[in-house]
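Engineer: Once you've had a glance at the structure underneath, I'll fire off some questions.
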Amino acid sequence: MPENTKRVLVVDDSAFMRRLIAEVVELRDDFRVVGTASDGIEALDRIRSLAPDIVTLDVAMPRLDGLATLEHIMREMPRPVIVVSAFGSSDLNASAVRALELGAVEFVRKPSGPVVAASTGGPRALAEVVSRLPADLDAAVLVVQHMPPEFISTLADRLGELTALPVTLAADGDPVLSGRLYLAPGEGQMRLRRGTYSVNIQIERGDPLCGSRPAADPLFQSVARIFGRNAIGVVLSGMGRDGAEGLRSLRSAGGAAVVQNRASCTVYGMPAAALAAAGADAVVAARDIAGVISRTLMADRRVA
């Protein structure tokens with residue numbers, strides 16, 4: 001581990017949120033998650049044994065809640081603490097003020113409600129793919145990552161550091177240009193529409209699909225309609241079955257399909273569903289997907 005790498009302890013009573021926060025933290029090379037804890041008592045024990053540089057801390061936890069835990073940390077072993085929690089607005093304001101009074105350096109609101117899903121393992125797999133794409137890629141790359149909106153800009157920044165392609169956080173009306181990566185924003189579904197002189201991105205607010213907003217299915221289906229056989233669909237590690245129906249539409253239109261293999265997935269749900277619904281032209285580890293895309297493009301010019 002490089003000398004300047006910050007060691008992070010993630011504390012949350014939700015196993016799902018622990019995985020998600022850990023993935024977001026480790027998008028950056030200068031942070032490493034050294035452990036997790038599910039409540040305040042366990043957190044204090046882990047801080048004593050692991051001596052992390054930074055702690056992310058939930059508020060609503062069993063046994064010892066976050067604010068009480070924060071008091072113990074600041075009194076006994078002070079270090080930077082970022083409180084990450086979900087409340088209604090009045091509770092959020094009161095807890096945020098109290099956390100800052102107790103010494104937290106920041107208070108971040110968790111996404112809440114049923115609009116929210118994450119493709120567990122997706123950011124790591126995505127980083128492996130985009131870091132290997134060539135700078136002269138003769139295609140546009142359109143990415144949907146299940147992730148709370150608060151984290152999307154962080155992911156865009158990180159992908160920009162990893163890939164030779166320019167990275168754009170997609171906006172409604174953007175033209176789709178070859179050699180550029182477009183990341184779907186968190187507030188709507190991303191589709192493509194054909195204009196008079198170009199193909200453009202369309203961001204539509206609306207209900208989640210497959211539990212997610214953005215979701216892969218509407219993007220894949222619009223790509224299938226516009227580009228047909230000149231498209232490649234890729235499904236990476238994640239929970240649920242988003243992408244399966246869209247990949248089937250894309251293959252039915254003559255496009256190619258690439259699915260991450262089980263061995264390299266953190267969660268095999270989305271790839272398994274995609275294979276069952278659509279099959280694939282290649283099933284490979286995340287590190288090999290960029291090579292498959294490049295070889296397919298060399299054989300026949302496509303949009304990835």
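By convention here, the chains of the structure tokens are called A, B, ... in the order presented, each chain's residues are numbered starting at 1, and ligands are numbered starting at 1 in the order presented.
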Can you pull out every residue from range 93-283 of chain A that DSSP, working from the backbone, puts in helix (DSSP H, G or I), and format the result as a ChimeraX atom specification?
Structural biologist: /A:93-102,122-130,149-162,216-230,244-252,262-264,269-278
Engineer: For Gly240 in chain A, list every protein, DNA or RNA residue within 8 Å, evaluated using only C-alpha atoms, and leave out those in the same chain fewer than 2 positions away; present the list as a PDB file with N, CA and C atoms, in the first residue's frame.
Structural biologist:
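This is the output file around_7.pdb:
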ATOM      1  N   CYS A 210     -36.717  -1.951 -13.292  1.00  0.00           N
ATOM      2  CA  CYS A 210     -35.958  -3.012 -12.618  1.00  0.00           C
ATOM      3  C   CYS A 210     -35.395  -2.508 -11.293  1.00  0.00           C
ATOM      4  N   GLY A 238     -23.465  -7.306 -10.906  1.00  0.00           N
ATOM      5  CA  GLY A 238     -24.524  -6.524 -10.285  1.00  0.00           C
ATOM      6  C   GLY A 238     -25.665  -7.393  -9.811  1.00  0.00           C
ATOM      7  N   ASP A 242     -31.503  -6.241 -14.372  1.00  0.00           N
ATOM      8  CA  ASP A 242     -31.457  -5.126 -15.308  1.00  0.00           C
ATOM      9  C   ASP A 242     -30.418  -5.415 -16.391  1.00  0.00           C
ATOM     10  N   GLY A 269     -25.683 -11.807 -10.379  1.00  0.00           N
ATOM     11  CA  GLY A 269     -27.094 -11.725 -10.727  1.00  0.00           C
ATOM     12  C   GLY A 269     -27.366 -11.186 -12.119  1.00  0.00           C
ATOM     13  N   MET A 270     -26.896  -9.983 -12.430  1.00  0.00           N
ATOM     14  CA  MET A 270     -27.172  -9.380 -13.731  1.00  0.00           C
ATOM     15  C   MET A 270     -26.546 -10.165 -14.883  1.00  0.00           C
ATOM     16  N   ALA A 273     -28.650 -13.349 -15.426  1.00  0.00           N
ATOM     17  CA  ALA A 273     -29.945 -13.050 -16.041  1.00  0.00           C
ATOM     18  C   ALA A 273     -29.781 -12.703 -17.512  1.00  0.00           C
TER      19      ALA A 273
END
Engineer: Work out how far CA of Pro134 in chain A is from CA of Pro218 in chain A, in Å to one decimal.
Structural biologist: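 Separating CA of Pro218 in chain A from CA of Pro134 in chain A is a distance of 26.8 Å.
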Engineer: Give the answer as one residue: which of A:Ala99, A:Val81, A:Leu133, A:Ile41 has the shortest atom-to-atom distance to Arg63 in chain A, using only C-alpha atoms?
Structural biologist: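 Comparing A:Ala99, A:Val81, A:Leu133, A:Ile41 against Arg63 in chain A, the winner is A:Ile41.
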Engineer: So what do you get for CA of Val199 in chain A versus CA of Asp281 in chain A, distance-wise?
Structural biologist: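 About the pair CA of Val199 in chain A and CA of Asp281 in chain A: they are 25.9 Å apart.
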Engineer: Do you know which residues are at most 10 Å from Tyr268 in chain A counting only C-alpha atoms, after dropping those on the same chain fewer than 6 positions away, and could you put them as a ChimeraX atom specification?
Structural biologist: /A:119-121,236-241,260-262
Engineer: List the neighbours of Thr36 in chain A out to 8 Å using only C-alpha atoms; skip same-chain residues closer than 5 positions along the sequence, and give me the result as an NGL selection string.
Structural biologist: :A and (9-12 or 18 or 43 or 46)
Engineer: The selected residues should be written to file as a tab-separated table (two decimals), in the first residue's frame (atoms: N, CA and C atoms).
Structural biologist:
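Ended up saving to again_37.tsv:
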chain	number	residue	atom	x	y	z
A	9	LEU	N	-12.26	2.94	7.68
A	9	LEU	CA	-13.18	1.99	8.31
A	9	LEU	C	-14.60	2.41	7.96
A	10	VAL	N	-15.41	1.49	7.43
A	10	VAL	CA	-16.79	1.76	7.05
A	10	VAL	C	-17.72	1.17	8.09
A	11	VAL	N	-18.58	2.02	8.69
A	11	VAL	CA	-19.48	1.58	9.75
A	11	VAL	C	-20.92	1.82	9.33
A	12	ASP	N	-21.70	0.75	9.23
A	12	ASP	CA	-23.11	0.85	8.84
A	12	ASP	C	-23.79	-0.45	9.22
A	18	ARG	N	-22.67	-1.08	3.45
A	18	ARG	CA	-21.23	-1.27	3.70
A	18	ARG	C	-20.51	-1.60	2.41
A	43	ALA	N	-17.59	-0.87	15.99
A	43	ALA	CA	-16.77	0.17	15.39
A	43	ALA	C	-15.64	0.61	16.31
A	46	ARG	N	-12.98	-1.96	16.34
A	46	ARG	CA	-12.21	-1.97	15.09
A	46	ARG	C	-11.26	-0.77	15.01
Engineer: Excluding same-chain residues fewer than 2 positions from range 101-110 of chain A, what lies within 6 Å of it counting only C-alpha atoms, as a short mmCIF file (atom, residue, chain, number, x, y, z; two decimals) with C-alpha atoms, in the first residue's frame?
Structural biologist:
data_model
loop_
_atom_site.label_atom_id
_atom_site.label_comp_id
_atom_site.auth_asym_id
_atom_site.auth_seq_id
_atom_site.Cartn_x
_atom_site.Cartn_y
_atom_site.Cartn_z
CA VAL A 81 -15.18 11.02 10.79
CA ILE A 82 -17.65 11.39 7.91
CA VAL A 83 -21.24 10.73 8.96
CA VAL A 84 -23.26 8.99 6.24
CA SER A 85 -26.93 8.50 7.12
CA ALA A 86 -30.53 8.79 5.90
CA ALA A 96 -26.09 16.99 10.92
CA ARG A 98 -25.11 17.65 16.27
CA ALA A 99 -22.59 15.50 14.36
#
